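Structure below is model14.cif: mmCIF, C-alpha atoms and all ligand atoms.
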data_my_file
loop_
_atom_site.label_atom_id
_atom_site.label_comp_id
_atom_site.auth_asym_id
_atom_site.auth_seq_id
_atom_site.Cartn_x
_atom_site.Cartn_y
_atom_site.Cartn_z
CA MET J 774 24.60 4.30 11.94
CA GLY J 775 24.27 6.02 15.31
CA ASN J 776 26.69 8.60 16.55
CA PRO J 777 29.13 6.70 18.79
CA ASP J 778 30.33 9.93 20.43
CA GLU J 779 27.00 10.65 22.03
CA PRO J 780 25.43 8.31 24.57
CA ALA J 781 21.96 7.63 23.18
CA THR J 782 20.00 6.45 26.16
CA LEU J 783 19.52 8.53 29.28
CA GLY J 784 18.17 7.65 32.68
CA ALA J 785 16.30 4.54 33.68
CA SER J 786 13.74 4.42 30.90
CA ALA J 787 11.70 1.26 30.46
CA VAL J 788 12.37 1.24 26.72
CA ALA J 789 15.80 0.34 25.40
CA GLU J 790 17.33 2.16 22.45
CA SER J 791 17.58 -1.16 20.64
CA GLU J 792 13.83 -1.58 20.98
CA LEU J 793 13.22 1.87 19.50
CA ARG J 794 15.53 1.10 16.61
CA ALA J 795 13.86 -2.25 16.04
CA ALA J 796 10.49 -0.50 15.83
CA LEU J 797 11.90 1.90 13.24
CA GLU J 798 13.05 -1.00 11.07
CA ALA J 799 9.42 -1.18 10.04
CA VAL J 800 9.61 2.30 8.48
CA VAL J 801 10.49 1.98 4.82
CA ASP J 802 11.62 4.73 2.51
CA PRO J 803 9.58 3.70 -0.53
CA GLU J 804 11.82 5.58 -2.94
CA LEU J 805 14.99 4.01 -1.67
CA GLY J 806 13.35 0.65 -1.12
CA ASP J 807 14.76 -0.17 2.29
CA ASN J 808 14.09 0.56 5.94
CA ILE J 809 15.39 3.79 7.42
CA VAL J 810 17.58 2.06 10.01
CA ALA J 811 19.36 -0.07 7.41
CA LEU J 812 19.78 3.04 5.25
CA GLY J 813 21.51 4.87 8.10
CA MET J 814 18.81 7.51 8.22
CA VAL J 815 18.20 7.13 11.97
CA ARG J 816 21.08 9.17 13.29
CA ASP J 817 20.42 9.51 16.93
CA ILE J 818 17.76 8.21 19.22
CA ALA J 819 17.27 8.83 22.92
CA ILE J 820 14.56 8.36 25.50
CA ASP J 821 14.45 10.04 28.89
CA ALA J 822 13.08 8.73 32.17
CA GLU J 823 9.67 10.29 31.41
CA GLY J 824 9.35 8.30 28.20
CA ARG J 825 10.05 11.23 25.87
CA VAL J 826 11.78 10.06 22.70
CA ARG J 827 13.91 12.33 20.55
CA VAL J 828 14.91 10.89 17.21
CA GLU J 829 17.05 12.49 14.55
CA VAL J 830 16.26 11.37 11.02
CA ALA J 831 18.55 12.27 8.13
CA LEU J 832 16.91 12.64 4.71
CA THR J 833 18.77 12.70 1.41
CA ILE J 834 17.62 16.27 0.90
CA ALA J 835 15.76 18.55 3.27
CA ALA J 836 12.97 19.08 0.73
CA CYS J 837 12.44 15.33 0.28
CA PRO J 838 8.92 14.81 -1.11
CA LEU J 839 8.46 11.89 1.26
CA ARG J 840 9.38 13.88 4.34
CA SER J 841 5.92 14.10 5.90
CA GLN J 842 5.21 10.48 5.11
CA ILE J 843 8.41 9.32 6.80
CA GLU J 844 7.75 11.57 9.80
CA ARG J 845 4.25 10.14 10.09
CA ASP J 846 5.50 6.55 9.87
CA VAL J 847 8.25 7.17 12.45
CA ARG J 848 5.76 8.72 14.83
CA GLY J 849 3.28 5.92 14.21
CA ARG J 850 5.83 3.23 15.04
CA LEU J 851 7.18 4.86 18.20
CA GLU J 852 4.07 6.33 19.77
CA HIS J 853 2.46 2.98 20.30
CA LEU J 854 5.33 1.38 22.18
CA ASP J 855 4.65 0.83 25.86
CA GLY J 856 6.64 3.35 27.87
CA VAL J 857 6.81 5.99 25.12
CA HIS J 858 4.84 9.11 26.01
CA ALA J 859 6.02 11.70 23.53
CA VAL J 860 7.97 11.70 20.28
CA GLU J 861 10.08 14.55 18.94
CA ILE J 862 11.37 14.10 15.40
CA VAL J 863 14.27 16.22 14.23
CA ILE J 864 14.82 16.17 10.49
CA VAL J 865 18.29 16.90 9.15
CA ALA J 866 19.71 16.65 5.63
CA MET J 867 22.54 14.25 4.78
CA ASP J 868 25.91 15.58 3.83
CA ALA J 869 27.27 14.78 0.38
CA GLU J 870 29.21 11.75 1.54
CA ALA J 871 26.31 10.15 3.37
CA ARG J 872 24.04 10.89 0.45
CA ALA J 873 26.43 9.26 -2.01
CA GLU J 874 26.59 6.19 0.19
CA VAL J 875 22.84 5.83 0.52
CA MET J 876 22.31 6.43 -3.20
CA ALA J 877 24.84 3.76 -4.09
CA ARG J 878 23.01 1.35 -1.87
CA ALA J 879 19.63 2.31 -3.36
CA ARG J 880 20.95 1.95 -6.89
CA TRP J 881 22.32 -1.44 -6.11
CA LYS J 882 19.04 -2.51 -4.57
CA ALA J 883 16.92 -1.03 -7.37
CA ARG J 884 18.97 -2.86 -9.96
CA ASP J 885 18.65 -6.00 -7.94
CA ASP J 886 14.88 -5.69 -7.71
CA ALA J 887 13.90 -4.10 -11.00
CA PRO J 888 14.16 -6.72 -13.72
CA ALA J 889 11.97 -9.21 -11.91
CA THR J 890 8.58 -8.01 -13.14
CA ALA J 891 6.83 -6.70 -16.23
CA VAL J 892 5.32 -3.84 -14.24
CA ASP J 893 6.62 -0.47 -15.38
CA PRO J 894 8.74 1.31 -12.74
CA ASP J 895 6.40 4.32 -12.96
CA THR J 896 3.29 2.33 -12.05
CA VAL J 897 1.99 2.90 -8.53
CA VAL J 898 1.26 -0.53 -7.06
CA LEU J 899 -1.44 -0.84 -4.42
CA ALA J 900 -2.44 -4.15 -2.86
CA ILE J 901 -5.79 -4.38 -1.12
CA ALA J 902 -5.46 -6.39 2.09
CA SER J 903 -7.44 -7.26 5.19
CA GLY J 904 -7.00 -9.37 8.27
CA LYS J 905 -10.01 -11.53 7.57
CA GLY J 906 -12.17 -12.59 4.68
CA GLY J 907 -15.42 -11.12 3.50
CA VAL J 908 -14.80 -7.48 4.46
CA GLY J 909 -15.05 -6.33 0.86
CA LYS J 910 -11.50 -6.39 -0.51
CA SER J 911 -12.57 -7.53 -3.96
CA SER J 912 -15.51 -5.12 -4.09
CA VAL J 913 -13.21 -2.26 -3.07
CA THR J 914 -10.51 -3.31 -5.55
CA VAL J 915 -12.73 -3.38 -8.64
CA ASN J 916 -14.68 -0.25 -7.76
CA LEU J 917 -11.60 1.73 -6.87
CA ALA J 918 -10.11 0.59 -10.19
CA VAL J 919 -13.24 1.77 -12.02
CA ALA J 920 -13.21 5.10 -10.15
CA LEU J 921 -9.53 5.66 -11.04
CA ALA J 922 -10.12 4.69 -14.67
CA SER J 923 -13.09 7.09 -14.80
CA ARG J 924 -10.53 9.80 -14.15
CA GLY J 925 -8.95 8.92 -17.48
CA LEU J 926 -6.26 6.64 -16.09
CA THR J 927 -5.01 3.24 -17.19
CA VAL J 928 -5.41 0.86 -14.30
CA GLY J 929 -4.25 -2.74 -14.02
CA VAL J 930 -6.18 -5.16 -11.83
CA LEU J 931 -4.36 -8.30 -10.72
CA ASP J 932 -6.64 -10.82 -9.06
CA ALA J 933 -4.17 -12.47 -6.68
CA ASP J 934 -6.94 -14.53 -5.11
CA ILE J 935 -5.91 -17.47 -7.25
CA TRP J 936 -8.42 -20.02 -5.97
CA GLY J 937 -11.20 -17.71 -4.88
CA PHE J 938 -11.07 -15.28 -7.77
CA SER J 939 -14.04 -12.94 -8.04
CA VAL J 940 -12.76 -10.03 -10.12
CA PRO J 941 -14.09 -11.27 -13.51
CA ARG J 942 -17.62 -11.70 -12.10
CA LEU J 943 -17.57 -8.34 -10.29
CA LEU J 944 -16.51 -6.55 -13.47
CA GLY J 945 -18.85 -8.58 -15.69
CA MET J 946 -15.91 -9.73 -17.81
CA GLU J 947 -15.34 -13.09 -19.39
CA GLY J 948 -12.92 -14.47 -21.90
CA ASP J 949 -9.66 -16.31 -22.26
CA ILE J 950 -6.29 -14.76 -21.80
CA GLU J 951 -4.33 -14.73 -25.02
CA ALA J 952 -0.58 -15.01 -25.27
CA ARG J 953 1.64 -12.69 -27.27
CA ALA J 954 5.31 -13.65 -27.62
CA GLY J 955 4.84 -16.15 -24.83
CA LYS J 956 3.36 -13.60 -22.42
CA MET J 957 -0.20 -13.19 -21.17
CA VAL J 958 -2.16 -10.23 -22.48
CA PRO J 959 -4.55 -8.80 -19.85
CA LEU J 960 -8.20 -8.46 -20.84
CA GLU J 961 -9.23 -4.85 -21.38
CA LEU J 962 -12.34 -2.95 -20.40
CA ALA J 963 -12.97 0.66 -21.40
CA VAL J 964 -14.27 2.85 -18.55
CA GLY J 965 -15.11 6.39 -19.63
CA SER J 966 -11.90 7.80 -21.05
CA GLY J 967 -9.82 5.31 -19.06
CA THR J 968 -8.98 1.64 -19.35
CA LEU J 969 -8.84 -1.38 -17.09
CA ARG J 970 -6.38 -4.20 -17.82
CA VAL J 971 -7.29 -7.30 -15.90
CA LEU J 972 -5.62 -10.64 -15.17
CA SER J 973 -7.34 -13.32 -13.14
CA MET J 974 -7.21 -17.07 -12.84
CA GLY J 975 -10.86 -16.85 -13.90
CA PHE J 976 -9.72 -16.05 -17.44
CA LEU J 977 -7.29 -18.94 -17.48
CA ALA J 978 -9.18 -21.75 -15.98
CA GLY J 979 -12.89 -21.15 -15.89
CA GLU J 980 -14.69 -21.49 -12.58
CA ASP J 981 -14.74 -25.31 -12.59
CA ARG J 982 -11.29 -26.05 -13.86
CA ALA J 983 -9.60 -23.81 -11.27
CA ILE J 984 -10.14 -26.56 -8.71
CA MET J 985 -7.76 -28.78 -10.69
CA TRP J 986 -4.96 -26.28 -10.29
CA ARG J 987 -4.80 -26.58 -6.54
CA GLY J 988 -1.38 -28.19 -6.60
CA LEU J 989 0.13 -25.06 -8.06
CA VAL J 990 2.04 -22.93 -5.62
CA LEU J 991 0.06 -19.77 -4.93
CA ASN J 992 2.97 -17.42 -5.19
CA ARG J 993 4.17 -18.93 -8.43
CA ALA J 994 0.87 -18.03 -10.08
CA VAL J 995 1.06 -14.44 -8.81
CA GLN J 996 4.68 -14.26 -9.93
CA GLN J 997 3.65 -15.31 -13.43
CA PHE J 998 0.97 -12.64 -13.49
CA LEU J 999 3.67 -10.11 -12.61
CA GLU J 1000 6.48 -11.40 -14.81
CA ASP J 1001 4.98 -13.12 -17.81
CA ALA J 1002 2.38 -10.53 -18.75
CA HIS J 1003 2.14 -7.54 -21.05
CA TRP J 1004 0.86 -4.98 -18.56
CA GLY J 1005 2.08 -2.10 -20.69
CA ARG J 1006 2.14 1.41 -19.28
CA LEU J 1007 -0.16 1.63 -16.28
CA ASP J 1008 -0.87 4.52 -13.94
CA TYR J 1009 -1.93 2.18 -11.15
CA LEU J 1010 -1.84 -1.54 -10.57
CA LEU J 1011 -4.35 -2.72 -7.99
CA ILE J 1012 -3.85 -6.17 -6.51
CA ASP J 1013 -6.78 -7.97 -4.91
CA LEU J 1014 -5.20 -10.12 -2.20
CA PRO J 1015 -6.68 -13.40 -1.01
CA PRO J 1016 -7.98 -13.64 2.57
CA GLY J 1017 -6.00 -15.35 5.26
CA THR J 1018 -2.31 -16.14 5.14
CA GLY J 1019 0.36 -13.60 4.38
CA ASP J 1020 2.08 -15.76 1.74
CA VAL J 1021 1.14 -13.53 -1.14
CA GLN J 1022 2.06 -10.39 0.80
CA MET J 1023 5.48 -11.85 1.54
CA GLY J 1024 5.86 -12.81 -2.11
CA LEU J 1025 5.00 -9.26 -3.17
CA ALA J 1026 7.54 -7.83 -0.74
CA ARG J 1027 10.16 -9.87 -2.56
CA MET J 1028 8.92 -9.48 -6.14
CA LEU J 1029 7.58 -5.92 -6.08
CA PRO J 1030 8.88 -4.28 -2.90
CA ARG J 1031 7.42 -0.88 -3.72
CA THR J 1032 3.90 -2.30 -3.35
CA GLN J 1033 1.89 -0.31 -0.82
CA LEU J 1034 -1.00 -1.78 1.12
CA LEU J 1035 -4.50 -0.42 1.46
CA VAL J 1036 -5.99 -2.20 4.45
CA VAL J 1037 -9.76 -2.72 4.32
CA THR J 1038 -11.60 -3.09 7.58
CA THR J 1039 -15.16 -2.92 8.87
CA PRO J 1040 -16.60 -0.66 11.59
CA PRO J 1041 -16.77 -3.12 14.54
CA LEU J 1042 -13.90 -2.40 16.90
CA ALA J 1043 -13.40 -6.11 17.59
CA ALA J 1044 -12.23 -6.70 14.01
CA GLN J 1045 -9.28 -4.35 14.34
CA LYS J 1046 -6.88 -6.74 16.03
CA VAL J 1047 -6.97 -9.12 13.10
CA ALA J 1048 -6.62 -6.35 10.53
CA SER J 1049 -3.78 -4.81 12.46
CA ARG J 1050 -1.93 -8.12 12.60
CA ALA J 1051 -2.19 -8.41 8.82
CA ALA J 1052 -0.81 -4.93 8.34
CA ASP J 1053 1.96 -5.55 10.79
CA MET J 1054 3.07 -8.67 9.00
CA ALA J 1055 3.24 -6.68 5.82
CA ARG J 1056 5.35 -4.02 7.46
CA ARG J 1057 7.83 -6.59 8.66
CA GLY J 1058 7.95 -7.82 5.09
CA TYR J 1059 8.82 -4.27 4.08
CA LEU J 1060 5.56 -3.35 2.45
CA ARG J 1061 4.42 0.11 3.33
CA VAL J 1062 0.86 0.59 4.51
CA ALA J 1063 -0.54 3.62 2.67
CA GLY J 1064 -3.84 3.85 4.49
CA VAL J 1065 -7.00 2.28 5.84
CA ILE J 1066 -10.36 2.05 4.08
CA GLU J 1067 -13.43 1.41 6.19
CA ASN J 1068 -16.03 -0.59 4.31
CA MET J 1069 -19.66 -1.28 5.29
CA SER J 1070 -19.79 2.00 7.20
CA ASP J 1071 -23.00 3.82 8.11
CA PHE J 1072 -26.08 2.82 6.16
CA THR J 1073 -28.32 5.67 5.00
CA CYS J 1074 -31.91 4.66 4.21
CA GLU J 1075 -34.03 6.19 1.47
CA HIS J 1076 -35.54 8.65 4.00
CA GLY J 1077 -32.09 10.00 4.75
CA ALA J 1078 -31.70 8.49 8.25
CA THR J 1079 -28.28 7.04 8.98
CA TYR J 1080 -27.66 3.85 10.94
CA ALA J 1081 -24.37 2.47 12.20
CA LEU J 1082 -25.52 -1.12 11.73
CA PHE J 1083 -22.14 -2.66 12.45
CA GLY J 1084 -21.02 -0.16 15.07
CA SER J 1085 -18.55 2.58 14.29
CA GLY J 1086 -15.01 3.76 14.74
CA GLY J 1087 -13.18 0.66 13.53
CA GLY J 1088 -11.49 2.32 10.57
CA ALA J 1089 -10.32 5.33 12.57
CA ARG J 1090 -9.05 3.12 15.39
CA LEU J 1091 -7.02 0.92 13.04
CA ALA J 1092 -5.62 3.90 11.14
CA ASP J 1093 -4.57 5.45 14.42
CA GLU J 1094 -2.97 2.23 15.58
CA LEU J 1095 -0.99 1.90 12.37
CA GLY J 1096 -0.05 5.57 12.24
CA VAL J 1097 -1.54 5.93 8.72
CA PRO J 1098 -4.52 7.95 7.46
CA LEU J 1099 -8.10 6.72 7.20
CA ILE J 1100 -8.50 7.48 3.53
CA GLY J 1101 -12.13 6.62 2.91
CA SER J 1102 -15.35 5.17 4.20
CA ILE J 1103 -17.59 3.16 1.91
CA PRO J 1104 -21.18 2.99 3.13
CA LEU J 1105 -23.06 -0.25 3.60
CA HIS J 1106 -25.49 -0.42 0.71
CA PRO J 1107 -27.46 -3.24 -0.90
CA ASP J 1108 -26.42 -2.05 -4.38
CA MET J 1109 -22.90 -3.33 -3.69
CA ALA J 1110 -24.02 -6.95 -3.57
CA ALA J 1111 -26.62 -6.58 -6.33
CA CYS J 1112 -24.23 -4.85 -8.74
CA GLY J 1113 -21.49 -7.31 -7.87
CA ASP J 1114 -23.73 -10.18 -8.86
CA ALA J 1115 -24.80 -8.41 -12.04
CA GLY J 1116 -21.22 -7.53 -13.02
CA THR J 1117 -21.95 -3.81 -13.17
CA PRO J 1118 -19.60 -2.07 -10.74
CA VAL J 1119 -21.33 0.41 -8.43
CA ALA J 1120 -18.59 2.96 -9.06
CA ALA J 1121 -19.91 3.31 -12.62
CA GLU J 1122 -23.55 3.91 -11.57
CA PRO J 1123 -24.72 7.18 -9.99
CA GLY J 1124 -25.38 6.87 -6.25
CA PRO J 1125 -23.83 7.09 -2.79
CA LEU J 1126 -21.39 4.26 -3.43
CA ALA J 1127 -20.10 5.86 -6.64
CA LEU J 1128 -19.58 9.12 -4.74
CA ALA J 1129 -17.64 7.32 -2.01
CA PHE J 1130 -15.37 5.59 -4.54
CA GLU J 1131 -14.88 8.81 -6.47
CA ALA J 1132 -13.74 10.52 -3.26
CA LEU J 1133 -11.44 7.61 -2.49
CA ALA J 1134 -9.88 7.69 -5.97
CA LYS J 1135 -9.37 11.44 -5.70
CA ARG J 1136 -7.71 11.10 -2.32
CA ILE J 1137 -5.40 8.35 -3.54
CA GLU J 1138 -4.37 10.24 -6.65
CA GLY J 1139 -4.20 13.51 -4.75
CA ASP J 1140 -2.05 12.71 -1.76
CA VAL J 1141 -2.05 9.12 -0.52
CA ALA J 1142 -0.33 7.52 -3.51
CA PRO J 1143 0.05 10.14 -6.24
CA ARG J 1144 1.13 9.16 -9.71
CA THR J 1145 4.23 11.32 -9.65
CA GLU J 1146 6.71 12.18 -6.91
CA SER J 1147 6.30 9.23 -4.62
CA SER J 1148 5.72 6.70 -7.39
CA GLY J 1149 8.09 4.04 -8.35
CA CYS J 1150 11.62 3.97 -9.29
CA SER J 1151 14.40 4.55 -6.81
CA ALA J 1152 16.90 4.78 -9.60
CA ARG J 1153 15.01 7.73 -11.06
CA LEU J 1154 15.11 9.64 -7.80
CA VAL J 1155 18.76 8.82 -7.42
CA GLU J 1156 19.42 10.19 -10.90
CA ARG J 1157 17.31 13.29 -10.24
CA VAL J 1158 19.15 14.12 -7.04
CA GLU J 1159 22.56 13.39 -8.51
CA ARG J 1160 21.85 15.55 -11.51
CA ALA J 1161 20.62 18.38 -9.32
CA VAL J 1162 23.71 18.17 -7.13
CA ALA J 1163 26.01 18.04 -10.19
CA GLU J 1164 24.26 21.07 -11.67
CA GLY J 1165 24.61 22.95 -8.41
CA LEU J 1166 20.84 23.17 -7.98
CA LEU J 1167 21.03 21.45 -4.63
CA GLU J 1168 23.23 22.62 -1.81
CA PRO J 1169 24.84 19.67 -0.06
CA THR J 1170 23.88 20.44 3.52
CA SER J 1171 26.09 19.31 6.35
CA GLY J 1172 23.26 18.16 8.52
CA SER J 1173 24.57 15.60 10.98
CA SER J 1174 25.08 18.12 13.73
N1 LIG Q 1201 -20.23 -1.62 1.28
C1 LIG Q 1201 -20.92 -2.76 1.13
N2 LIG Q 1201 -22.27 -2.78 1.30
C2 LIG Q 1201 -22.95 -3.93 1.16
N3 LIG Q 1201 -22.41 -5.11 0.84
C3 LIG Q 1201 -21.07 -5.16 0.66
C4 LIG Q 1201 -20.26 -3.99 0.79
N4 LIG Q 1201 -18.98 -4.35 0.53
C5 LIG Q 1201 -18.99 -5.65 0.25
N5 LIG Q 1201 -20.24 -6.16 0.33
C6 LIG Q 1201 -20.66 -7.55 0.11
O1 LIG Q 1201 -19.94 -8.37 1.02
C7 LIG Q 1201 -19.58 -9.60 0.41
C8 LIG Q 1201 -18.08 -9.80 0.51
O2 LIG Q 1201 -17.43 -8.84 -0.32
P1 LIG Q 1201 -16.08 -9.18 -1.10
O3 LIG Q 1201 -16.20 -10.45 -1.84
O4 LIG Q 1201 -15.72 -7.96 -1.84
O5 LIG Q 1201 -15.13 -9.37 0.16
P2 LIG Q 1201 -13.64 -9.97 0.18
O6 LIG Q 1201 -12.97 -9.33 1.35
O7 LIG Q 1201 -13.00 -9.84 -1.14
O8 LIG Q 1201 -13.95 -11.49 0.48
P3 LIG Q 1201 -12.86 -12.69 0.41
O9 LIG Q 1201 -12.09 -12.57 1.66
O10 LIG Q 1201 -13.74 -13.91 0.38
O11 LIG Q 1201 -12.04 -12.50 -0.83
C9 LIG Q 1201 -20.10 -9.53 -1.02
O12 LIG Q 1201 -21.33 -10.17 -1.09
C10 LIG Q 1201 -20.26 -8.04 -1.27
O13 LIG Q 1201 -21.25 -7.76 -2.23
MG MG Q 1202 -12.08 -11.29 -2.38
#

Have the structure of the file written as structure tokens, please.
Ligand SMILES: Nc1ncnc2c1ncn2[C@@H]1O[C@H](COP(=O)(O)OP(=O)(O)OP(=O)(O)O)[C@@H](O)[C@H]1O
Ligand SMILES: [Mg+2]
Amino acid sequence: MGNPDEPATLGASAVAESELRAALEAVVDPELGDNIVALGMVRDIAIDAEGRVRVEVALTIAACPLRSQIERDVRGRLEHLDGVHAVEIVIVAMDAEARAEVMARARWKARDDAPATAVDPDTVVLAIASGKGGVGKSSVTVNLAVALASRGLTVGVLDADIWGFSVPRLLGMEGDIEARAGKMVPLELAVGSGTLRVLSMGFLAGEDRAIMWRGLVLNRAVQQFLEDAHWGRLDYLLIDLPPGTGDVQMGLARMLPRTQLLVVTTPPLAAQKVASRAADMARRGYLRVAGVIENMSDFTCEHGATYALFGSGGGARLADELGVPLIGSIPLHPDMAACGDAGTPVAAEPGPLALAFEALAKRIEGDVAPRTESSGCSARLVERVERAVAEGLLEPTSGSS
């Protein structure tokens, strides 16, 4: 919803306004569950002949908890366009009418999306993705889950790598999934004062029988894990994505659109193109990328010397390219493979890897994907804002100057 009274594009810039808007369609307001262009939050956008962009973004309230995140995403999407040299973001607050309109839309969308899964609306859902296989997605998923659970949290782990499942082995868990009232009950593992709840094809089929299931549609299996399961109340649900195609990511965008991606990459700069393509596909599918994790970073030997065996800078480069933070680096360490084979997650054993996962868990809970505020349910935010406005706690600001 641009302002038709003001011409948006000035001079002979190489970048058209439509191109800028198209780039911003990749910026999703996770609370409202839609992109900021569709939500009418991009009020005005202009670029001058020097490639300086000025964009006005209207938020539901000026003190929106997602403000810095949206600003960061907007900047990230625009700065990397050819022909854009500077980005100025002006934040304004919606007036009461615009807010009511956007809330109605969000409510409609939330209702539309909500009943599809058995995952509680308060659960923060993080899917671990990468552009190529073997970079350590599964190792990061299980150890991050253990590190979060060690903080006293209840963490679900969904092994969405249906044919190549590895989560049961990495966690040293075996068993068969039981059904209660026709729904699958995840297998539980106590970790310190926290709990893991895990679903994997490995508990359904056994390593040999999984081969016989190949005819099953991949997404259908993931959908069943999301819909026909007793996840119960979870603080976090971590989803270990399979390598390769974006099918499961697309499925998640439809089934659980508030899923955020953590993109795992390795230090070599050459790997970044592939990882970036994977993240980009997710963004087009309306999944937000929360951050980048660099795995197999510097190796420190027992004498304390550090070696960048696989090069360096890949994680930072990708994070920069995506306009998201680099939220952790996990060192290359032989314990990762050894503990994975033994089914004793490194995050539960003292050492450099445990420290790295502890820092990552802290960062995620602290500011990347906190349990409150930016978690979950659009409807709840809508209610909160509406109640505050009704009670006169919030001043409707006439912001669209
Ligand atoms: N930081 C690390 N240091 C040493 N080895 C590691 C590290 N991270 C992962 N590995 C090893 O790399 C191999 C691949 O890891 P993992 O299976 O977690 O990757 P993946 O991305 O899930 O693979 P796939 O794409 O096949 O699902 C494993 O043998 C694992 O033990
Ligand atoms: Mg894996």

Separation of atom CA of Pro959 of chain J from atom CA of Ala994 of chain J, in Å and rounded to one decimal: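 Atom CA of Ala994 of chain J lies 14.5 Å from atom CA of Pro959 of chain J.
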
Residue neighbourhood segment 1118-1121 of chain J, 7 Å, all atoms listed in the file, exclusion window fewer than 3 positions, as a ChimeraX atom specification: /J:916,919-920,943-944,1108-1109,1112-1113,1126-1127,1130

Interatomic distance, atom CA of Asp846 of chain J to atom CA of Val800 of chain J (Å, one decimal): 6.1 Å

Where does chain J meet ligand MG 1202 (chain Q) within 6 Å, residue by residue, with the nearest atom pair and distance in Å to one decimal for each, counting all atoms listed in the file, listed by chain and rising number, as a Markdown table?
| residue | atom | partner | partner_atom | distance |
| --- | --- | --- | --- | --- |
| J:Lys910 | CA | Q:MG1202 | MG | 5.3 |
| J:Ser911 | CA | Q:MG1202 | MG | 4.1 |
| J:Pro1015 | CA | Q:MG1202 | MG | 6.0 |

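Put simply, atom CA of Thr1079 of chain J is 10.5 Å away from atom CA of Leu1105 of chain J.
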
Site check for ligand LIG 1201 (chain Q): residues at most 7 Å away, only C-alpha atoms and all ligand atoms, as number ranges by chain: J: 905-913, 934, 937, 1015-1016, 1068-1070, 1103-1111, 1113

Would you place a box with edges along x, y and z of the file around all atoms of segment 1002-1020 of chain J listed there, add 8 Å to each of its six sides, and report the centre and edge lengths in Å to one decimal, as AutoDock Vina command-line options?
--center_x -2.8 --center_y -5.8 --center_z -7.9 --size_x 26.4 --size_y 36.7 --size_z 42.3
